[in-house]
Protein chains: 2
Amino acid sequence: MSSDAHSILDRMLCFEVYSTEHAFARLYKALLAPYGLTYPQFLVLVLLWEQCPQTVNGLGGQLGLQSSTLTPLLKRMEKAGLVVRTRDPEDERRVRVSVTAAGKALRANVHDIGRCVADATGMEEAELFDLMRSLRRLRGGLQGSVLTGVSLSD
Amino acid sequence: MSSDAHSILDRMLCFEVYSTEHAFARLYKALLAPYGLTYPQFLVLVLLWEQCPQTVNGLGGQLGLQSSTLTPLLKRMEKAGLVVRTRDPEDERRVRVSVTAAGKALRANVHDIGRCVADATGMEEAELFDLMRSLRRLRGGLQGSVLTGVSLSD
DNA sequence: AGACATTAAATCGCACGCGATTAAATCACA
DNA sequence: TGTGATTTAATCGCGTGCGATTTAATGTCT
């Protein structure tokens with residue numbers, strides 16, 4: 001590949017991923033604000049709607065988040081009455097996070113958010129599936145590289 | 001489309017975009033850390049390498065960032081000696097941001113970062129171009145929706 | 001010229017997100 | 001049994017990112 005093509009690719013990849021990710025987060029933020037939910041809080045709720053209770057690391061693994069991010073986030077959700085956090089009697093190191101009745105109640109309210117976002121993309125269903133497939137490949141590659149310690153000297 | 005397909009689409013879109021965006025940012029963070037650069041700081045530098053000086057809003061427009069984010073970021077970059085901020089004599093409301101010699105010098109050091117990231121994706125050039133085309137479409141749709149005030153009641 | 005609107009940055013409070021460290025519980029193994 | 005390694009959360013400091021507000025400079029309209 002020519003050096004020019006590389007420069008263009010690099011430049012585009014950089015800015016496109018950066019600005020798209022923020023545009024996406026902003027849309028979700030706007031849709032969730034009426035319910036007092038942030039985007040990451042919403043994602044935690046989705047996971048707890050599917051399976052409850054879950055440990056902090058269990059949630060973190062699915063979201064790619066550290067306990068240093070999740071602990072304060074979960075405390076805010078607990079203060080808001082959406083979840084409860086209790087030490088696991090089986091293993092006192094673990095904290096079991098459970099969704100409350102109030103947290104479950106939100107499920108109906110935000111049921112159409114995903115649909116709403118899909119509409120907002122202005123893209124066809126098939127195109128969105130392709131995009132997600134590419135993103136999954138991209139994410140897989142990136143995560144592998146971080147693990148193997150990619151550096152500029154490679 | 002069936003309700004099930006919708007649920008799956010919603011769920012996937014949500015988590016895929018969220019975790020991919022963070023994986024991408026983490027990789028850039030790791031690659032830039034040796035140079036004391038954060039990812040958004042790097043993006044500002046790239047813009048200034050292409051055109052200098054630029055106003056705060058000019059940079060913000062290209063990155064999708066507000067002055068409330070850029071002002072402290074630019075101050076940190078100024079303290080690090082990468083840029084200088086001066087009021088525009090033509091219009092004292094504007095702040096002109098210029099890259100310093102030290103900021104320019106970094107260009108050679110991080111020249112291969114984009115290439116490195118492209119390698120890390122494990123994807124072919126053509127596939128990456130397709131992905132970026134999809135992302136551009138996605139971003140366009142999202143930004144349009146935010147402007148027109150999408151809500152769940154629509 | 002004077003009054004009001006508009007624009008550009010800056011400021012503030014809040015919520016992530018991470019790396020590094022710490023504290024407590026559990027595990028492993030001699 | 002007991003001692004050191006491992007695992008799990010929590011804590012801390014720093015850097016984004018945003019909405020709302022503020023301040024200063026400029027534009028506009030009479």
# chains A, B, ... in the order shown; residues from 1 in each chain; ligands from 1

call {"tool": "closest_atom_pairs", "arguments": {"of": "chain D", "to": "segment 17-27 of chain A", "cutoff": "12 Å", "atoms": "only C-alpha atoms (C1' of nucleotides)", "output": "JSON lines"}}
result
{"residue": "D:DT16", "atom": "C1'", "partner": "A:His22", "partner_atom": "CA", "distance": 12.0}
{"residue": "D:DG17", "atom": "C1'", "partner": "A:His22", "partner_atom": "CA", "distance": 9.1}
{"residue": "D:DC18", "atom": "C1'", "partner": "A:Arg26", "partner_atom": "CA", "distance": 8.9}
{"residue": "D:DG19", "atom": "C1'", "partner": "A:Arg26", "partner_atom": "CA", "distance": 11.7}

call {"tool": "interface_residues", "arguments": {"of": "chain C", "to": "chain B", "cutoff": "12 Å", "atoms": "only C-alpha atoms (C1' of nucleotides)", "output": "list in words"}}
result
DT7, DA8, DA9, DA10, DT11, DC12, DG13, DC16, DG17, DC18 and DG19 of chain C

call {"tool": "residues_around", "arguments": {"residues": "Ala118 of chain A", "least_positions_apart": "2", "cutoff": "10 Å", "atoms": "only C-alpha atoms (C1' of nucleotides)", "output": "compact mmCIF listing (two decimals) with all heavy atoms, in the first residue's frame"}}
result
# COMPACT_ATOMS: atom_id res chain seq x y z
N ASP A 112 -38.15 0.77 24.40
CA ASP A 112 -38.02 1.13 22.98
C ASP A 112 -36.76 1.90 22.64
O ASP A 112 -36.60 2.38 21.52
CB ASP A 112 -39.24 1.96 22.56
CG ASP A 112 -40.49 1.11 22.54
OD1 ASP A 112 -40.38 -0.11 22.32
OD2 ASP A 112 -41.58 1.66 22.76
N ILE A 113 -35.87 2.04 23.61
CA ILE A 113 -34.68 2.86 23.37
C ILE A 113 -33.82 2.29 22.25
O ILE A 113 -33.37 3.01 21.35
CB ILE A 113 -33.85 3.01 24.67
CG1 ILE A 113 -34.47 4.08 25.55
CG2 ILE A 113 -32.40 3.36 24.33
CD1 ILE A 113 -33.53 4.69 26.54
N GLY A 114 -33.59 0.99 22.29
CA GLY A 114 -32.76 0.37 21.26
C GLY A 114 -33.36 0.56 19.89
O GLY A 114 -32.66 0.91 18.94
N ARG A 115 -34.65 0.36 19.81
CA ARG A 115 -35.36 0.57 18.56
C ARG A 115 -35.19 2.02 18.09
O ARG A 115 -34.94 2.30 16.93
CB ARG A 115 -36.85 0.24 18.78
CG ARG A 115 -37.79 0.77 17.72
CD ARG A 115 -37.62 0.02 16.40
NE ARG A 115 -38.48 0.54 15.37
CZ ARG A 115 -39.75 0.19 15.20
NH1 ARG A 115 -40.29 -0.69 16.01
NH2 ARG A 115 -40.47 0.71 14.23
N CYS A 116 -35.30 2.91 19.05
CA CYS A 116 -35.18 4.34 18.77
C CYS A 116 -33.80 4.68 18.22
O CYS A 116 -33.65 5.43 17.27
CB CYS A 116 -35.44 5.10 20.08
SG CYS A 116 -35.73 6.83 19.88
N ALA A 120 -32.55 6.01 14.62
CA ALA A 120 -31.75 7.22 14.51
C ALA A 120 -30.54 7.03 13.58
O ALA A 120 -30.08 7.97 12.96
CB ALA A 120 -31.27 7.67 15.89
N THR A 121 -30.05 5.81 13.52
CA THR A 121 -28.89 5.56 12.67
C THR A 121 -29.21 5.82 11.21
O THR A 121 -28.31 6.12 10.42
CB THR A 121 -28.42 4.10 12.79
OG1 THR A 121 -29.45 3.23 12.32
CG2 THR A 121 -28.08 3.74 14.23
N GLY A 122 -30.47 5.68 10.85
CA GLY A 122 -30.85 5.85 9.46
C GLY A 122 -30.36 4.72 8.58
O GLY A 122 -30.30 4.86 7.36
N MET A 123 -29.98 3.61 9.21
CA MET A 123 -29.42 2.49 8.44
C MET A 123 -30.38 1.30 8.43
O MET A 123 -31.19 1.12 9.32
CB MET A 123 -28.08 2.07 9.05
CG MET A 123 -27.00 3.14 8.89
SD MET A 123 -25.56 2.86 9.95
CE MET A 123 -24.80 1.46 9.14
N GLU A 124 -30.23 0.50 7.39
CA GLU A 124 -31.04 -0.71 7.27
C GLU A 124 -30.57 -1.76 8.27
O GLU A 124 -29.40 -1.76 8.68
CB GLU A 124 -30.93 -1.28 5.85
CG GLU A 124 -31.44 -0.36 4.77
CD GLU A 124 -32.93 -0.06 4.96
OE1 GLU A 124 -33.67 -0.96 5.38
OE2 GLU A 124 -33.32 1.10 4.71
N GLU A 125 -31.48 -2.64 8.59
CA GLU A 125 -31.18 -3.71 9.53
C GLU A 125 -29.95 -4.51 9.10
O GLU A 125 -29.04 -4.77 9.90
CB GLU A 125 -32.40 -4.63 9.64
CG GLU A 125 -32.27 -5.71 10.68
CD GLU A 125 -33.44 -6.71 10.56
OE1 GLU A 125 -34.38 -6.42 9.81
OE2 GLU A 125 -33.36 -7.76 11.20
N LEU A 128 -26.78 -2.65 9.64
CA LEU A 128 -26.41 -2.59 11.05
C LEU A 128 -25.78 -3.91 11.50
O LEU A 128 -24.80 -3.91 12.25
CB LEU A 128 -27.65 -2.29 11.91
CG LEU A 128 -28.10 -0.83 11.90
CD1 LEU A 128 -29.38 -0.66 12.69
CD2 LEU A 128 -27.00 0.06 12.47
N HIS B 6 -35.61 -7.50 16.87
CA HIS B 6 -35.37 -6.17 17.39
C HIS B 6 -34.61 -6.20 18.70
O HIS B 6 -33.65 -5.46 18.89
CB HIS B 6 -36.70 -5.44 17.60
CG HIS B 6 -36.89 -4.33 16.66
ND1 HIS B 6 -38.04 -4.12 15.94
CD2 HIS B 6 -36.04 -3.36 16.27
CE1 HIS B 6 -37.89 -3.08 15.18
NE2 HIS B 6 -36.70 -2.59 15.34
N LEU B 9 -31.04 -7.10 18.06
CA LEU B 9 -30.34 -5.99 17.40
C LEU B 9 -30.01 -4.90 18.41
O LEU B 9 -28.88 -4.43 18.50
CB LEU B 9 -31.23 -5.43 16.29
CG LEU B 9 -30.63 -4.31 15.44
CD1 LEU B 9 -29.48 -4.84 14.61
CD2 LEU B 9 -31.69 -3.69 14.55
N ASP B 10 -31.01 -4.50 19.18
CA ASP B 10 -30.83 -3.45 20.18
C ASP B 10 -29.70 -3.81 21.14
O ASP B 10 -28.79 -3.02 21.39
CB ASP B 10 -32.10 -3.27 21.00
CG ASP B 10 -33.27 -2.83 20.13
OD1 ASP B 10 -33.02 -2.52 18.97
OD2 ASP B 10 -34.38 -2.81 20.64
N LEU B 13 -26.21 -3.92 19.39
CA LEU B 13 -25.73 -2.59 19.00
C LEU B 13 -25.16 -1.87 20.20
O LEU B 13 -24.04 -1.35 20.18
CB LEU B 13 -26.90 -1.81 18.40
CG LEU B 13 -26.57 -0.47 17.73
CD1 LEU B 13 -25.64 -0.69 16.56
CD2 LEU B 13 -27.85 0.21 17.26
N CYS B 14 -25.95 -1.86 21.26
CA CYS B 14 -25.57 -1.25 22.51
C CYS B 14 -24.20 -1.67 23.00
O CYS B 14 -23.29 -0.86 23.16
CB CYS B 14 -26.57 -1.72 23.54
SG CYS B 14 -27.30 -0.45 24.46
N LEU B 138 -23.36 5.97 10.20
CA LEU B 138 -23.92 5.90 11.55
C LEU B 138 -23.84 7.25 12.25
O LEU B 138 -24.82 7.77 12.77
CB LEU B 138 -23.16 4.84 12.35
CG LEU B 138 -23.49 4.71 13.84
CD1 LEU B 138 -24.95 4.32 14.04
CD2 LEU B 138 -22.58 3.69 14.51
N GLY B 141 -26.24 9.81 10.87
CA GLY B 141 -27.60 9.59 11.34
C GLY B 141 -27.78 10.03 12.77
O GLY B 141 -28.75 10.72 13.11
N LEU B 142 -26.83 9.66 13.61
CA LEU B 142 -26.93 9.98 15.03
C LEU B 142 -26.93 11.48 15.25
O LEU B 142 -27.74 12.01 16.01
CB LEU B 142 -25.77 9.34 15.79
CG LEU B 142 -25.69 7.82 15.77
CD1 LEU B 142 -24.48 7.35 16.55
CD2 LEU B 142 -26.96 7.20 16.33

call {"tool": "select_by_dssp", "arguments": {"residues": "segment 14-137 of chain A", "states": "alpha helix (DSSP H)", "output": "PyMOL selection string"}}
result
chain A and resi 14-32+39-50+56-63+67-79+101-109+113-121+125-137

call {"tool": "select_by_dssp", "arguments": {"residues": "segment 29-148 of chain A", "states": "strand (DSSP E or B)", "output": "list in words"}}
result
Gln54, Thr55, Val83, Val84, Arg85, Thr86, Arg87, Asp88, Asp91, Glu92, Arg93, Arg94, Val95, Arg96, Val97, Ser98 and Val99 of chain A

call {"tool": "write_last_selection", "arguments": {"atoms": "N, CA, C and O atoms", "output": "PDB file, in the first residue's frame"}}
result
ATOM      1  N   GLN A  54     -25.408 -10.547  39.997  1.00  0.00           N
ATOM      2  CA  GLN A  54     -24.111 -10.713  39.357  1.00  0.00           C
ATOM      3  C   GLN A  54     -23.043 -10.049  40.220  1.00  0.00           C
ATOM      4  O   GLN A  54     -23.333  -9.103  40.950  1.00  0.00           O
ATOM      5  N   THR A  55     -21.822 -10.536  40.097  1.00  0.00           N
ATOM      6  CA  THR A  55     -20.733  -9.931  40.846  1.00  0.00           C
ATOM      7  C   THR A  55     -20.202  -8.702  40.097  1.00  0.00           C
ATOM      8  O   THR A  55     -20.500  -8.500  38.916  1.00  0.00           O
ATOM      9  N   VAL A  83     -30.351  -0.685  42.481  1.00  0.00           N
ATOM     10  CA  VAL A  83     -29.725  -1.971  42.786  1.00  0.00           C
ATOM     11  C   VAL A  83     -29.409  -2.046  44.280  1.00  0.00           C
ATOM     12  O   VAL A  83     -29.453  -1.029  44.985  1.00  0.00           O
ATOM     13  N   VAL A  84     -29.112  -3.251  44.725  1.00  0.00           N
ATOM     14  CA  VAL A  84     -28.584  -3.427  46.083  1.00  0.00           C
ATOM     15  C   VAL A  84     -27.282  -4.216  45.979  1.00  0.00           C
ATOM     16  O   VAL A  84     -27.122  -5.065  45.099  1.00  0.00           O
ATOM     17  N   ARG A  85     -26.357  -3.913  46.869  1.00  0.00           N
ATOM     18  CA  ARG A  85     -25.052  -4.577  46.880  1.00  0.00           C
ATOM     19  C   ARG A  85     -24.888  -5.291  48.217  1.00  0.00           C
ATOM     20  O   ARG A  85     -24.952  -4.668  49.263  1.00  0.00           O
ATOM     21  N   THR A  86     -24.663  -6.599  48.151  1.00  0.00           N
ATOM     22  CA  THR A  86     -24.468  -7.374  49.380  1.00  0.00           C
ATOM     23  C   THR A  86     -23.279  -8.294  49.209  1.00  0.00           C
ATOM     24  O   THR A  86     -23.039  -8.818  48.121  1.00  0.00           O
ATOM     25  N   ARG A  87     -22.527  -8.482  50.292  1.00  0.00           N
ATOM     26  CA  ARG A  87     -21.414  -9.424  50.258  1.00  0.00           C
ATOM     27  C   ARG A  87     -21.969 -10.835  50.079  1.00  0.00           C
ATOM     28  O   ARG A  87     -22.981 -11.198  50.700  1.00  0.00           O
ATOM     29  N   ASP A  88     -21.318 -11.613  49.254  1.00  0.00           N
ATOM     30  CA  ASP A  88     -21.706 -13.006  49.044  1.00  0.00           C
ATOM     31  C   ASP A  88     -21.307 -13.811  50.280  1.00  0.00           C
ATOM     32  O   ASP A  88     -20.129 -13.858  50.631  1.00  0.00           O
ATOM     33  N   ASP A  91     -18.590 -16.412  49.692  1.00  0.00           N
ATOM     34  CA  ASP A  91     -17.227 -15.905  49.497  1.00  0.00           C
ATOM     35  C   ASP A  91     -17.262 -14.409  49.749  1.00  0.00           C
ATOM     36  O   ASP A  91     -17.674 -13.627  48.894  1.00  0.00           O
ATOM     37  N   GLU A  92     -16.814 -14.032  50.926  1.00  0.00           N
ATOM     38  CA  GLU A  92     -16.952 -12.653  51.372  1.00  0.00           C
ATOM     39  C   GLU A  92     -16.175 -11.647  50.520  1.00  0.00           C
ATOM     40  O   GLU A  92     -16.342 -10.442  50.675  1.00  0.00           O
ATOM     41  N   ARG A  93     -15.332 -12.152  49.621  1.00  0.00           N
ATOM     42  CA  ARG A  93     -14.642 -11.210  48.737  1.00  0.00           C
ATOM     43  C   ARG A  93     -15.601 -10.651  47.701  1.00  0.00           C
ATOM     44  O   ARG A  93     -15.483  -9.507  47.264  1.00  0.00           O
ATOM     45  N   ARG A  94     -16.549 -11.471  47.300  1.00  0.00           N
ATOM     46  CA  ARG A  94     -17.456 -11.080  46.218  1.00  0.00           C
ATOM     47  C   ARG A  94     -18.595 -10.196  46.712  1.00  0.00           C
ATOM     48  O   ARG A  94     -19.096 -10.352  47.818  1.00  0.00           O
ATOM     49  N   VAL A  95     -19.001  -9.276  45.851  1.00  0.00           N
ATOM     50  CA  VAL A  95     -20.175  -8.444  46.110  1.00  0.00           C
ATOM     51  C   VAL A  95     -21.241  -8.811  45.085  1.00  0.00           C
ATOM     52  O   VAL A  95     -20.988  -8.761  43.880  1.00  0.00           O
ATOM     53  N   ARG A  96     -22.398  -9.196  45.576  1.00  0.00           N
ATOM     54  CA  ARG A  96     -23.492  -9.559  44.671  1.00  0.00           C
ATOM     55  C   ARG A  96     -24.364  -8.338  44.419  1.00  0.00           C
ATOM     56  O   ARG A  96     -24.901  -7.733  45.351  1.00  0.00           O
ATOM     57  N   VAL A  97     -24.494  -7.991  43.149  1.00  0.00           N
ATOM     58  CA  VAL A  97     -25.315  -6.842  42.766  1.00  0.00           C
ATOM     59  C   VAL A  97     -26.653  -7.356  42.253  1.00  0.00           C
ATOM     60  O   VAL A  97     -26.691  -8.206  41.356  1.00  0.00           O
ATOM     61  N   SER A  98     -27.729  -6.851  42.850  1.00  0.00           N
ATOM     62  CA  SER A  98     -29.076  -7.281  42.438  1.00  0.00           C
ATOM     63  C   SER A  98     -29.909  -6.061  42.077  1.00  0.00           C
ATOM     64  O   SER A  98     -29.769  -4.994  42.667  1.00  0.00           O
ATOM     65  N   VAL A  99     -30.769  -6.249  41.112  1.00  0.00           N
ATOM     66  CA  VAL A  99     -31.663  -5.166  40.709  1.00  0.00           C
ATOM     67  C   VAL A  99     -32.868  -5.150  41.641  1.00  0.00           C
ATOM     68  O   VAL A  99     -33.378  -6.192  42.058  1.00  0.00           O
TER      69      VAL A  99
END

call {"tool": "closest_residue", "arguments": {"among": "D:DA20, D:DT3, D:DT26, D:DA9", "to": "chain B", "atoms": "only C-alpha atoms (C1' of nucleotides)"}}
result
D:DT26

call {"tool": "atom_distance", "arguments": {"atom1": "atom CA of Leu73 of chain A", "atom2": "atom CA of Pro40 of chain B"}}
result
23.5 Å

call {"tool": "closest_residue", "arguments": {"among": "A:Leu131, A:Ala126, A:Ala102, A:Leu82", "to": "chain B", "atoms": "only C-alpha atoms"}}
result
A:Leu131

call {"tool": "atom_distance", "arguments": {"atom1": "atom CA of Arg107 of chain B", "atom2": "atom CA of Val46 of chain B"}}
result
8.2 Å

call {"tool": "residues_around", "arguments": {"residues": "Lys104 of chain B", "least_positions_apart": "4", "cutoff": "9 Å", "atoms": "only C-alpha atoms (C1' of nucleotides)", "output": "NGL selection string"}}
result
:B and (45 or 48-49 or 82 or 99-100 or 108)
